[in-house]
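The block underneath contains the structure these notes are about, expressed in structure tokens.
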Amino acid sequence: MSDFLSLLPDNGRAVLTIINGAVTAVTVISGRHRIATLESLIELLQAAGYTVTKE
């Protein structure tokens with residue numbers, strides 16, 4: 001676990017991949033990226049004028 005702590009930014013966001021209770025990967029997220037639920041993404045697309053349909 002301490003190996004992964006060195007990968008974390010001093011300021012910012014990171015996504016951890018955890019398998020069977022152990023951290024297996026760290027992905028640092030830049031300030032221009034967002035994490036959203038599918039519902040939030042659909043709302044964003046609709047607000048931008050897109051029509052979202054399920055096939």
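Simple scheme: letters A, B, ... for chains in structure tokens order, numbers from 1 for residues in each chain, numbers from 1 for ligands in the order shown.
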Every residue of range 4-53 of chain A that DSSP places in helix (DSSP H, G or I), as a count of residues only | 12
Long-range neighbours of range 28-30 of chain A as a PDB file with C-alpha atoms, in the first residue's frame, 7 Å cut-off, only C-alpha atoms, 3 positions minimum in chain:
ATOM      1  CA  ARG A  13      -7.825  13.540  -7.490  1.00  0.00           C
ATOM      2  CA  ALA A  14      -7.024   9.907  -8.104  1.00  0.00           C
ATOM      3  CA  VAL A  15      -9.009   6.760  -8.805  1.00  0.00           C
ATOM      4  CA  HIS A  33     -11.412  15.442 -16.454  1.00  0.00           C
TER       5      HIS A  33
END
Counting only C-alpha atoms, the residue among A:Glu43, A:Asp3, A:Glu55, A:Asp10 that lies closest to Val26 in chain A is A:Asp3
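Rounded to one decimal, CA of Leu5 in chain A and CA of Ile18 in chain A lie 13.9 Å from each other.
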So which bits of chain A end up strand (DSSP E) when you DSSP the backbone, as a PyMOL selection string?
-> chain A and resi 13-19+22-29
Closest to Thr24 in chain A among A:Ala47, A:Val52, A:Phe4, A:Thr37, using only C-alpha atoms?
->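 Looking at the shortest contact to Thr24 in chain A, the residue is A:Phe4.
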